[in-house]
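**Q** Could you have a look at this structure, given as structure tokens, before my questions?
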Amino acid sequence: MTRKSIRLGFLASLIPGILYAQEIKKLSLPEAITLGIENSKNLKLSQNRVDQAIAKLNTVKDNVLPTAKASFLYNHAEIPTNTLSIGGANPIHLPKLADAFVGTASVEELIYGGGKLRYAEESTRLLTEVARLDTDKSQEEISYAIINTYYSLFKVIQSKKVIAQNLESIDSQLKQSQRFFEQGIVTKNDVLRFQLQQANVSLTELEAENNRKIINYNLDVLLGLSENTEIEIADPYAALKATAPLNSYLEMAFSDRQELKQLELQNKVADVNLKSVKANTLPTVGVGANLYYINPSGKFIPPTDQFIMPVTLGANVSWNIGNLWTNKNKVTEARIQQKEIGIQKSIVSDQLKTEINRNYQNYQLSLKKIKVLETAITQATENDKLLASKYKNNVASAIDRIDAETLLYQAKINLELAKADAGLAYYTLLKSTGKISQ
């Protein structure tokens with residue numbers, strides 16, 4: 001094989017690796033949320049529903065405009081029997097054929113319809129606001145999904161860091177035990193115990209890496225990134241804030257939660273619908289104008305005085321008097337629907353109170369866990385140093401040494417997990433107030 005063919009073969013072997021190399025992208029949590037919202041297909045669908053509601057509103061607004069119609073008719077008649085005799089009168093002779101042109105144009109405007117057009121516009125406008133709140137709610141849900149996945153990735157990455165430190169420490173302990181075995185200080189069983197511990201932690205590392213790949217892929221999809229993008233995350237724990245009093249979160253929720261805003265708008269819609277139903281008992285008033293063009297001459301452009309163009313103006317008042325006694329049940333039905341919305345709002349308000357209180361208590365608990373685990377790490381570190389010294393002096397067994405080291409690194413992993421759980425609990429609390437981005 002020539003040198004040139006070897007070089008080409010080497011380059012060919014590198015191409016798949018180049019094509020499938022992972023792109024690394026570093027993202028903070030706010031950057032991830034912004035990117036996810038920009039690329040969210042669900043949010044685009046919600047926005048499309050808002051556009052539909054706006055289009056419907058514009059259609060309803062068009063109903064207040066005057067209507068206008070125009071028509072033009074050409075008529076040709078063949079009259080085979082064109083002589084008409086009635087009694088003893090002179091016969092009437094008609095032409096054998098006749099042509100005529102007839103045109104009409106009309107404009108009508110509803111002056112007063114009991115307010116139904118105005119109520120229809122107001123109702124549709126309120127429903128458009130409800131659609132916008134649906135979009136806001138979708139954005140909150142998308143943001144929370146990104147935050148949840150981001151913290152899951154943070155958990156597994158931090159765990160991998162602690163596992164790597166653990167493996168490095170075990171490797172050092174294994175080398176030390178092998179030296180002690182060669183010196184006759186410890187038995188072969190001690191060496192085997194450290195090797196078993198190394199194998200177990202290595203398996204944990206493999207599982208953590210597998211979880212990282214799964215979560216990273218899921219986050220790529222959420223953010224609209226290429227699926228082979230490896231995301232580097234920043235520590236989101238620094239963004240956490242101390243809790244305010246519970247009442248402040250309740251006040252925010254009652255001010256900002258989309259569900260309550262939607263129910264308030266739906267209550268207004270129900271009120272408008274009630275007024276619209278009541279308007280059925282009122283009369284309607286309209287005005288109109290009509291223009292007629294009648295040309296029996298048979299010529300498209302008739303001679304003078306052979307066509308007429310009458311113009312009519314009119315007004316009409318109509319009143320369905322029967323609605324005065326048939327409409328009352330419709331009014332009752334509309335009032336019941338409005339009352340149901342009020343009951344729903346009370347139910348949602350109670351649910352929000354319990355939800356916020358639960359999330360508030362969970363966040364406070366997560367902060368307390370961090371403090372306890374920080375104390376536990378200090379204690380486990382001292383215990384690990386003590387057992388390391390005892391093992392070195394052949395006072396403690398390998399089992400004691402391994403247990404102490406395991407406790408230390410488990411405490412470290414628990415602390416990282418607790419930090420991630422506290423971060424997620426913080427954003428869960430914010431989400432329950434309707435202000436996840438604050």
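Identifiers in the structure tokens: chain A, B, ... in order shown; residue index from 1 per chain; ligand index from 1 in order shown.
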So which bits of range 31-164 of chain A end up helix (DSSP H, G or I) when you DSSP the backbone, as a VMD selection string?

**A** chain A and resid 31 to 39 41 to 62 116 to 164

**Q** For Asn82 in chain A, work out the shell of residues within 12 Å, counting only C-alpha atoms and skipping chain neighbours fewer than 3 positions away, then give it as JSON, numbers by chain.

**A** {"A": [77, 78, 79, 85, 91, 92, 93, 94, 95, 96, 97, 98]}

**Q** Using only C-alpha atoms, find the one residue out of A:Ile163, A:Leu352, A:Ala380, A:Ile147 that sits nearest to Asp256 in chain A.

**A**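 Of A:Ile163, A:Leu352, A:Ala380, A:Ile147, the one nearest Asp256 in chain A, counting only C-alpha atoms, is A:Leu352.
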
**Q** Can you list, as a PDB file with all heavy atoms, in the first residue's frame, every protein, DNA or RNA residue that comes within 10 Å of Tyr150 in chain A when you count only C-alpha atoms, leaving out same-chain residues fewer than 3 positions away?

**A**
ATOM      1  N   LEU A  27     -25.067  27.214  28.317  1.00  0.00           N
ATOM      2  CA  LEU A  27     -26.300  27.970  28.519  1.00  0.00           C
ATOM      3  C   LEU A  27     -26.564  28.168  30.004  1.00  0.00           C
ATOM      4  O   LEU A  27     -26.497  27.217  30.787  1.00  0.00           O
ATOM      5  CB  LEU A  27     -27.490  27.227  27.912  1.00  0.00           C
ATOM      6  CG  LEU A  27     -27.646  27.224  26.386  1.00  0.00           C
ATOM      7  CD1 LEU A  27     -28.774  26.284  25.991  1.00  0.00           C
ATOM      8  CD2 LEU A  27     -27.910  28.614  25.862  1.00  0.00           C
ATOM      9  N   SER A  28     -26.886  29.408  30.375  1.00  0.00           N
ATOM     10  CA  SER A  28     -27.403  29.648  31.718  1.00  0.00           C
ATOM     11  C   SER A  28     -28.892  29.317  31.715  1.00  0.00           C
ATOM     12  O   SER A  28     -29.499  29.144  30.647  1.00  0.00           O
ATOM     13  CB  SER A  28     -27.183  31.104  32.125  1.00  0.00           C
ATOM     14  OG  SER A  28     -27.958  31.968  31.309  1.00  0.00           O
ATOM     15  N   LEU A  29     -29.494  29.237  32.884  1.00  0.00           N
ATOM     16  CA  LEU A  29     -30.918  28.903  32.958  1.00  0.00           C
ATOM     17  C   LEU A  29     -31.787  29.955  32.261  1.00  0.00           C
ATOM     18  O   LEU A  29     -32.679  29.594  31.472  1.00  0.00           O
ATOM     19  CB  LEU A  29     -31.336  28.721  34.411  1.00  0.00           C
ATOM     20  CG  LEU A  29     -32.796  28.328  34.653  1.00  0.00           C
ATOM     21  CD1 LEU A  29     -33.155  27.069  33.873  1.00  0.00           C
ATOM     22  CD2 LEU A  29     -33.060  28.118  36.137  1.00  0.00           C
ATOM     23  N   ALA A  32     -31.521  29.453  28.550  1.00  0.00           N
ATOM     24  CA  ALA A  32     -32.238  28.250  28.117  1.00  0.00           C
ATOM     25  C   ALA A  32     -33.729  28.514  28.015  1.00  0.00           C
ATOM     26  O   ALA A  32     -34.389  28.085  27.059  1.00  0.00           O
ATOM     27  CB  ALA A  32     -31.958  27.100  29.092  1.00  0.00           C
ATOM     28  N   ILE A  33     -34.284  29.237  28.989  1.00  0.00           N
ATOM     29  CA  ILE A  33     -35.726  29.550  28.967  1.00  0.00           C
ATOM     30  C   ILE A  33     -36.062  30.408  27.748  1.00  0.00           C
ATOM     31  O   ILE A  33     -37.035  30.142  27.035  1.00  0.00           O
ATOM     32  CB  ILE A  33     -36.138  30.266  30.265  1.00  0.00           C
ATOM     33  CG1 ILE A  33     -36.004  29.311  31.470  1.00  0.00           C
ATOM     34  CG2 ILE A  33     -37.577  30.781  30.168  1.00  0.00           C
ATOM     35  CD1 ILE A  33     -36.219  29.978  32.802  1.00  0.00           C
ATOM     36  N   TYR A 144     -41.384  26.159  32.731  1.00  0.00           N
ATOM     37  CA  TYR A 144     -41.214  25.232  33.858  1.00  0.00           C
ATOM     38  C   TYR A 144     -40.653  23.897  33.383  1.00  0.00           C
ATOM     39  O   TYR A 144     -39.815  23.288  34.071  1.00  0.00           O
ATOM     40  CB  TYR A 144     -42.545  25.017  34.569  1.00  0.00           C
ATOM     41  CG  TYR A 144     -42.419  24.188  35.833  1.00  0.00           C
ATOM     42  CD1 TYR A 144     -41.827  24.722  36.975  1.00  0.00           C
ATOM     43  CD2 TYR A 144     -42.872  22.874  35.876  1.00  0.00           C
ATOM     44  CE1 TYR A 144     -41.701  23.964  38.123  1.00  0.00           C
ATOM     45  CE2 TYR A 144     -42.747  22.114  37.023  1.00  0.00           C
ATOM     46  CZ  TYR A 144     -42.159  22.662  38.146  1.00  0.00           C
ATOM     47  OH  TYR A 144     -42.024  21.905  39.286  1.00  0.00           O
ATOM     48  N   ALA A 145     -41.093  23.426  32.212  1.00  0.00           N
ATOM     49  CA  ALA A 145     -40.557  22.175  31.673  1.00  0.00           C
ATOM     50  C   ALA A 145     -39.057  22.298  31.400  1.00  0.00           C
ATOM     51  O   ALA A 145     -38.281  21.365  31.667  1.00  0.00           O
ATOM     52  CB  ALA A 145     -41.301  21.797  30.387  1.00  0.00           C
ATOM     53  N   ILE A 146     -38.650  23.462  30.883  1.00  0.00           N
ATOM     54  CA  ILE A 146     -37.219  23.698  30.625  1.00  0.00           C
ATOM     55  C   ILE A 146     -36.448  23.743  31.939  1.00  0.00           C
ATOM     56  O   ILE A 146     -35.370  23.151  32.067  1.00  0.00           O
ATOM     57  CB  ILE A 146     -37.035  25.009  29.833  1.00  0.00           C
ATOM     58  CG1 ILE A 146     -37.630  24.863  28.425  1.00  0.00           C
ATOM     59  CG2 ILE A 146     -35.557  25.396  29.750  1.00  0.00           C
ATOM     60  CD1 ILE A 146     -37.738  26.160  27.676  1.00  0.00           C
ATOM     61  N   ILE A 147     -37.008  24.447  32.935  1.00  0.00           N
ATOM     62  CA  ILE A 147     -36.348  24.539  34.241  1.00  0.00           C
ATOM     63  C   ILE A 147     -36.200  23.156  34.865  1.00  0.00           C
ATOM     64  O   ILE A 147     -35.132  22.799  35.391  1.00  0.00           O
ATOM     65  CB  ILE A 147     -37.156  25.479  35.169  1.00  0.00           C
ATOM     66  CG1 ILE A 147     -37.051  26.919  34.686  1.00  0.00           C
ATOM     67  CG2 ILE A 147     -36.662  25.372  36.615  1.00  0.00           C
ATOM     68  CD1 ILE A 147     -38.025  27.864  35.361  1.00  0.00           C
ATOM     69  N   LEU A 153     -30.523  17.872  34.525  1.00  0.00           N
ATOM     70  CA  LEU A 153     -29.184  17.774  33.944  1.00  0.00           C
ATOM     71  C   LEU A 153     -28.130  18.249  34.941  1.00  0.00           C
ATOM     72  O   LEU A 153     -27.047  17.664  35.048  1.00  0.00           O
ATOM     73  CB  LEU A 153     -29.116  18.603  32.658  1.00  0.00           C
ATOM     74  CG  LEU A 153     -27.822  18.489  31.835  1.00  0.00           C
ATOM     75  CD1 LEU A 153     -27.572  17.051  31.422  1.00  0.00           C
ATOM     76  CD2 LEU A 153     -27.902  19.391  30.603  1.00  0.00           C
ATOM     77  N   PHE A 154     -28.461  19.300  35.682  1.00  0.00           N
ATOM     78  CA  PHE A 154     -27.550  19.799  36.721  1.00  0.00           C
ATOM     79  C   PHE A 154     -27.286  18.719  37.771  1.00  0.00           C
ATOM     80  O   PHE A 154     -26.142  18.510  38.198  1.00  0.00           O
ATOM     81  CB  PHE A 154     -28.148  21.043  37.373  1.00  0.00           C
ATOM     82  CG  PHE A 154     -27.381  21.556  38.556  1.00  0.00           C
ATOM     83  CD1 PHE A 154     -26.178  22.218  38.391  1.00  0.00           C
ATOM     84  CD2 PHE A 154     -27.859  21.371  39.845  1.00  0.00           C
ATOM     85  CE1 PHE A 154     -25.463  22.686  39.484  1.00  0.00           C
ATOM     86  CE2 PHE A 154     -27.155  21.835  40.944  1.00  0.00           C
ATOM     87  CZ  PHE A 154     -25.956  22.495  40.765  1.00  0.00           C
ATOM     88  N   LYS A 155     -28.332  18.014  38.172  1.00  0.00           N
ATOM     89  CA  LYS A 155     -28.186  16.944  39.158  1.00  0.00           C
ATOM     90  C   LYS A 155     -27.191  15.888  38.700  1.00  0.00           C
ATOM     91  O   LYS A 155     -26.262  15.504  39.427  1.00  0.00           O
ATOM     92  CB  LYS A 155     -29.535  16.262  39.403  1.00  0.00           C
ATOM     93  CG  LYS A 155     -30.487  16.965  40.334  1.00  0.00           C
ATOM     94  CD  LYS A 155     -31.723  16.091  40.520  1.00  0.00           C
ATOM     95  CE  LYS A 155     -32.737  16.750  41.433  1.00  0.00           C
ATOM     96  NZ  LYS A 155     -33.927  15.895  41.646  1.00  0.00           N
ATOM     97  N   ILE A 215     -31.105  12.951  29.342  1.00  0.00           N
ATOM     98  CA  ILE A 215     -31.627  14.264  29.747  1.00  0.00           C
ATOM     99  C   ILE A 215     -31.126  15.353  28.802  1.00  0.00           C
ATOM    100  O   ILE A 215     -31.876  16.270  28.441  1.00  0.00           O
ATOM    101  CB  ILE A 215     -31.228  14.570  31.204  1.00  0.00           C
ATOM    102  CG1 ILE A 215     -31.845  13.532  32.154  1.00  0.00           C
ATOM    103  CG2 ILE A 215     -31.674  15.962  31.600  1.00  0.00           C
ATOM    104  CD1 ILE A 215     -31.324  13.608  33.567  1.00  0.00           C
ATOM    105  N   ASN A 216     -29.860  15.263  28.373  1.00  0.00           N
ATOM    106  CA  ASN A 216     -29.298  16.249  27.455  1.00  0.00           C
ATOM    107  C   ASN A 216     -30.069  16.247  26.131  1.00  0.00           C
ATOM    108  O   ASN A 216     -30.382  17.305  25.567  1.00  0.00           O
ATOM    109  CB  ASN A 216     -27.827  15.938  27.200  1.00  0.00           C
ATOM    110  CG  ASN A 216     -27.091  17.063  26.489  1.00  0.00           C
ATOM    111  OD1 ASN A 216     -26.420  17.880  27.095  1.00  0.00           O
ATOM    112  ND2 ASN A 216     -27.221  17.117  25.177  1.00  0.00           N
ATOM    113  N   ASN A 218     -33.194  15.275  25.709  1.00  0.00           N
ATOM    114  CA  ASN A 218     -34.517  15.849  25.964  1.00  0.00           C
ATOM    115  C   ASN A 218     -34.474  17.368  26.004  1.00  0.00           C
ATOM    116  O   ASN A 218     -35.374  18.051  25.494  1.00  0.00           O
ATOM    117  CB  ASN A 218     -35.076  15.307  27.289  1.00  0.00           C
ATOM    118  CG  ASN A 218     -35.381  13.823  27.230  1.00  0.00           C
ATOM    119  OD1 ASN A 218     -35.477  13.247  26.151  1.00  0.00           O
ATOM    120  ND2 ASN A 218     -35.512  13.203  28.380  1.00  0.00           N
ATOM    121  N   LEU A 219     -33.426  17.903  26.607  1.00  0.00           N
ATOM    122  CA  LEU A 219     -33.290  19.360  26.690  1.00  0.00           C
ATOM    123  C   LEU A 219     -33.010  19.951  25.308  1.00  0.00           C
ATOM    124  O   LEU A 219     -33.518  21.036  24.977  1.00  0.00           O
ATOM    125  CB  LEU A 219     -32.173  19.729  27.665  1.00  0.00           C
ATOM    126  CG  LEU A 219     -32.055  21.210  28.043  1.00  0.00           C
ATOM    127  CD1 LEU A 219     -33.369  21.751  28.586  1.00  0.00           C
ATOM    128  CD2 LEU A 219     -30.948  21.413  29.082  1.00  0.00           C
ATOM    129  N   ILE A 231     -24.908  20.169  26.051  1.00  0.00           N
ATOM    130  CA  ILE A 231     -25.183  21.418  26.767  1.00  0.00           C
ATOM    131  C   ILE A 231     -24.335  21.490  28.031  1.00  0.00           C
ATOM    132  O   ILE A 231     -24.336  20.567  28.849  1.00  0.00           O
ATOM    133  CB  ILE A 231     -26.677  21.524  27.119  1.00  0.00           C
ATOM    134  CG1 ILE A 231     -27.513  21.548  25.843  1.00  0.00           C
ATOM    135  CG2 ILE A 231     -26.953  22.775  27.954  1.00  0.00           C
ATOM    136  CD1 ILE A 231     -29.001  21.533  26.077  1.00  0.00           C
ATOM    137  N   ILE A 233     -24.021  23.555  31.431  1.00  0.00           N
ATOM    138  CA  ILE A 233     -24.920  24.403  32.221  1.00  0.00           C
ATOM    139  C   ILE A 233     -24.145  25.148  33.295  1.00  0.00           C
ATOM    140  O   ILE A 233     -23.087  24.698  33.753  1.00  0.00           O
ATOM    141  CB  ILE A 233     -26.053  23.578  32.850  1.00  0.00           C
ATOM    142  CG1 ILE A 233     -25.489  22.562  33.842  1.00  0.00           C
ATOM    143  CG2 ILE A 233     -26.857  22.867  31.783  1.00  0.00           C
ATOM    144  CD1 ILE A 233     -26.569  21.775  34.552  1.00  0.00           C
ATOM    145  N   ALA A 234     -24.699  26.280  33.669  1.00  0.00           N
ATOM    146  CA  ALA A 234     -24.138  27.062  34.774  1.00  0.00           C
ATOM    147  C   ALA A 234     -24.839  26.647  36.065  1.00  0.00           C
ATOM    148  O   ALA A 234     -25.964  26.140  36.039  1.00  0.00           O
ATOM    149  CB  ALA A 234     -24.328  28.546  34.515  1.00  0.00           C
ATOM    150  N   PRO A 236     -27.207  26.838  38.707  1.00  0.00           N
ATOM    151  CA  PRO A 236     -28.392  27.682  38.892  1.00  0.00           C
ATOM    152  C   PRO A 236     -28.691  27.983  40.357  1.00  0.00           C
ATOM    153  O   PRO A 236     -29.614  28.737  40.649  1.00  0.00           O
ATOM    154  CB  PRO A 236     -29.509  26.822  38.288  1.00  0.00           C
ATOM    155  CG  PRO A 236     -29.059  25.414  38.526  1.00  0.00           C
ATOM    156  CD  PRO A 236     -27.548  25.433  38.488  1.00  0.00           C
ATOM    157  N   ALA A 420     -30.139  21.155  43.793  1.00  0.00           N
ATOM    158  CA  ALA A 420     -30.979  21.129  42.596  1.00  0.00           C
ATOM    159  C   ALA A 420     -32.461  21.073  42.969  1.00  0.00           C
ATOM    160  O   ALA A 420     -33.296  21.761  42.370  1.00  0.00           O
ATOM    161  CB  ALA A 420     -30.609  19.936  41.725  1.00  0.00           C
ATOM    162  N   LEU A 424     -35.389  23.793  42.003  1.00  0.00           N
ATOM    163  CA  LEU A 424     -36.648  23.439  41.362  1.00  0.00           C
ATOM    164  C   LEU A 424     -37.837  23.809  42.255  1.00  0.00           C
ATOM    165  O   LEU A 424     -38.876  24.266  41.761  1.00  0.00           O
ATOM    166  CB  LEU A 424     -36.654  21.943  41.052  1.00  0.00           C
ATOM    167  CG  LEU A 424     -37.842  21.436  40.241  1.00  0.00           C
ATOM    168  CD1 LEU A 424     -37.956  22.171  38.906  1.00  0.00           C
ATOM    169  CD2 LEU A 424     -37.729  19.938  40.009  1.00  0.00           C
TER     170      LEU A 424
END

**Q** Between CA of Val372 in chain A and CA of Ala411 in chain A, what distance in Å does the model show, to one decimal?

**A**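 CA of Ala411 in chain A lies at a distance of 10.3 Å from CA of Val372 in chain A.
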
**Q** Which residue, A:Asn414, A:Glu122, A:Lys353, A:Tyr409, has the smallest gap to Leu373 in chain A when you use only C-alpha atoms?

**A**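 Comparing A:Asn414, A:Glu122, A:Lys353, A:Tyr409 against Leu373 in chain A, the winner is A:Asn414.
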
**Q** Find the spatial neighbours of Glu259 in chain A, counting only C-alpha atoms, within a cut-off of 9 Å - ignore same-chain residues fewer than 5 positions away - and output them as a list in words.

**A**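 Contacts, with the query itself left out: Leu133, Asp134, Lys137, Glu264, Lys345 and Val348 of chain A.
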
**Q** For the atom pair CA of Glu230 in chain A and CA of Ile142 in chain A, what is the interatomic distance in Å to one decimal place?

**A**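 Computing the Euclidean distance for CA of Glu230 in chain A and CA of Ile142 in chain A yields 20.6 Å.
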
**Q** Within 10 Å of Asn39 in chain A, counting only C-alpha atoms, which residues show up once you throw out same-chain ones fewer than 5 positions away? Write them as a PyMOL selection string, please.

**A** chain A and resi 34+44+221-225

**Q** So that I can see what lies close to Gln165 in chain A, please list as a PyMOL selection string the residues with an atom at most 12 Å from it, counting only C-alpha atoms and leaving out residues fewer than 5 positions away in the same chain.

**A** chain A and resi 158-160+170-172+198+201-202+205+405-406+408-410+412-413

**Q** Could you save the residues just selected, with N, CA, C and O atoms, as a PDB file, in the first residue's frame?

**A**
ATOM      1  N   GLN A 158     -23.506  17.199  38.357  1.00  0.00           N
ATOM      2  CA  GLN A 158     -22.875  17.362  39.663  1.00  0.00           C
ATOM      3  C   GLN A 158     -22.577  16.002  40.293  1.00  0.00           C
ATOM      4  O   GLN A 158     -21.532  15.808  40.926  1.00  0.00           O
ATOM      5  N   SER A 159     -23.493  15.048  40.118  1.00  0.00           N
ATOM      6  CA  SER A 159     -23.265  13.704  40.643  1.00  0.00           C
ATOM      7  C   SER A 159     -22.041  13.080  39.977  1.00  0.00           C
ATOM      8  O   SER A 159     -21.233  12.410  40.626  1.00  0.00           O
ATOM      9  N   LYS A 160     -21.918  13.285  38.660  1.00  0.00           N
ATOM     10  CA  LYS A 160     -20.762  12.737  37.941  1.00  0.00           C
ATOM     11  C   LYS A 160     -19.455  13.332  38.451  1.00  0.00           C
ATOM     12  O   LYS A 160     -18.432  12.634  38.537  1.00  0.00           O
ATOM     13  N   ILE A 170     -10.655   6.452  45.466  1.00  0.00           N
ATOM     14  CA  ILE A 170     -10.590   4.981  45.577  1.00  0.00           C
ATOM     15  C   ILE A 170      -9.333   4.450  44.915  1.00  0.00           C
ATOM     16  O   ILE A 170      -8.672   3.531  45.435  1.00  0.00           O
ATOM     17  N   ASP A 171      -8.988   5.043  43.773  1.00  0.00           N
ATOM     18  CA  ASP A 171      -7.767   4.615  43.086  1.00  0.00           C
ATOM     19  C   ASP A 171      -6.541   4.839  43.964  1.00  0.00           C
ATOM     20  O   ASP A 171      -5.642   3.986  44.046  1.00  0.00           O
ATOM     21  N   SER A 172      -6.537   5.976  44.669  1.00  0.00           N
ATOM     22  CA  SER A 172      -5.419   6.254  45.591  1.00  0.00           C
ATOM     23  C   SER A 172      -5.418   5.249  46.742  1.00  0.00           C
ATOM     24  O   SER A 172      -4.358   4.734  47.138  1.00  0.00           O
ATOM     25  N   GLN A 198     -14.277   0.022  43.753  1.00  0.00           N
ATOM     26  CA  GLN A 198     -13.978   0.739  42.506  1.00  0.00           C
ATOM     27  C   GLN A 198     -14.911   0.289  41.372  1.00  0.00           C
ATOM     28  O   GLN A 198     -15.408   1.114  40.607  1.00  0.00           O
ATOM     29  N   VAL A 201     -18.506   1.742  42.009  1.00  0.00           N
ATOM     30  CA  VAL A 201     -18.593   3.174  41.704  1.00  0.00           C
ATOM     31  C   VAL A 201     -18.489   3.408  40.201  1.00  0.00           C
ATOM     32  O   VAL A 201     -19.139   4.307  39.646  1.00  0.00           O
ATOM     33  N   SER A 202     -17.695   2.567  39.507  1.00  0.00           N
ATOM     34  CA  SER A 202     -17.589   2.686  38.049  1.00  0.00           C
ATOM     35  C   SER A 202     -18.925   2.401  37.377  1.00  0.00           C
ATOM     36  O   SER A 202     -19.304   3.049  36.396  1.00  0.00           O
ATOM     37  N   GLU A 205     -21.018   5.374  37.741  1.00  0.00           N
ATOM     38  CA  GLU A 205     -20.596   6.400  36.784  1.00  0.00           C
ATOM     39  C   GLU A 205     -21.199   6.132  35.408  1.00  0.00           C
ATOM     40  O   GLU A 205     -21.646   7.056  34.721  1.00  0.00           O
ATOM     41  N   GLU A 405     -15.439   6.531  53.589  1.00  0.00           N
ATOM     42  CA  GLU A 405     -15.309   7.223  52.310  1.00  0.00           C
ATOM     43  C   GLU A 405     -16.651   7.254  51.563  1.00  0.00           C
ATOM     44  O   GLU A 405     -17.026   8.263  50.965  1.00  0.00           O
ATOM     45  N   THR A 406     -17.376   6.146  51.641  1.00  0.00           N
ATOM     46  CA  THR A 406     -18.689   6.081  50.996  1.00  0.00           C
ATOM     47  C   THR A 406     -19.649   7.093  51.601  1.00  0.00           C
ATOM     48  O   THR A 406     -20.394   7.778  50.893  1.00  0.00           O
ATOM     49  N   LEU A 408     -18.898   9.889  53.038  1.00  0.00           N
ATOM     50  CA  LEU A 408     -18.498  11.237  52.659  1.00  0.00           C
ATOM     51  C   LEU A 408     -19.002  11.591  51.260  1.00  0.00           C
ATOM     52  O   LEU A 408     -19.612  12.653  51.065  1.00  0.00           O
ATOM     53  N   TYR A 409     -18.756  10.700  50.305  1.00  0.00           N
ATOM     54  CA  TYR A 409     -19.138  11.027  48.932  1.00  0.00           C
ATOM     55  C   TYR A 409     -20.644  10.922  48.714  1.00  0.00           C
ATOM     56  O   TYR A 409     -21.197  11.624  47.870  1.00  0.00           O
ATOM     57  N   GLN A 410     -21.317  10.093  49.490  1.00  0.00           N
ATOM     58  CA  GLN A 410     -22.770  10.065  49.417  1.00  0.00           C
ATOM     59  C   GLN A 410     -23.359  11.372  49.943  1.00  0.00           C
ATOM     60  O   GLN A 410     -24.334  11.898  49.404  1.00  0.00           O
ATOM     61  N   LYS A 412     -21.838  14.222  49.817  1.00  0.00           N
ATOM     62  CA  LYS A 412     -21.566  15.243  48.799  1.00  0.00           C
ATOM     63  C   LYS A 412     -22.594  15.176  47.672  1.00  0.00           C
ATOM     64  O   LYS A 412     -23.093  16.205  47.197  1.00  0.00           O
ATOM     65  N   ILE A 413     -22.903  13.966  47.230  1.00  0.00           N
ATOM     66  CA  ILE A 413     -23.912  13.808  46.175  1.00  0.00           C
ATOM     67  C   ILE A 413     -25.271  14.295  46.668  1.00  0.00           C
ATOM     68  O   ILE A 413     -26.002  14.996  45.959  1.00  0.00           O
TER      69      ILE A 413
END
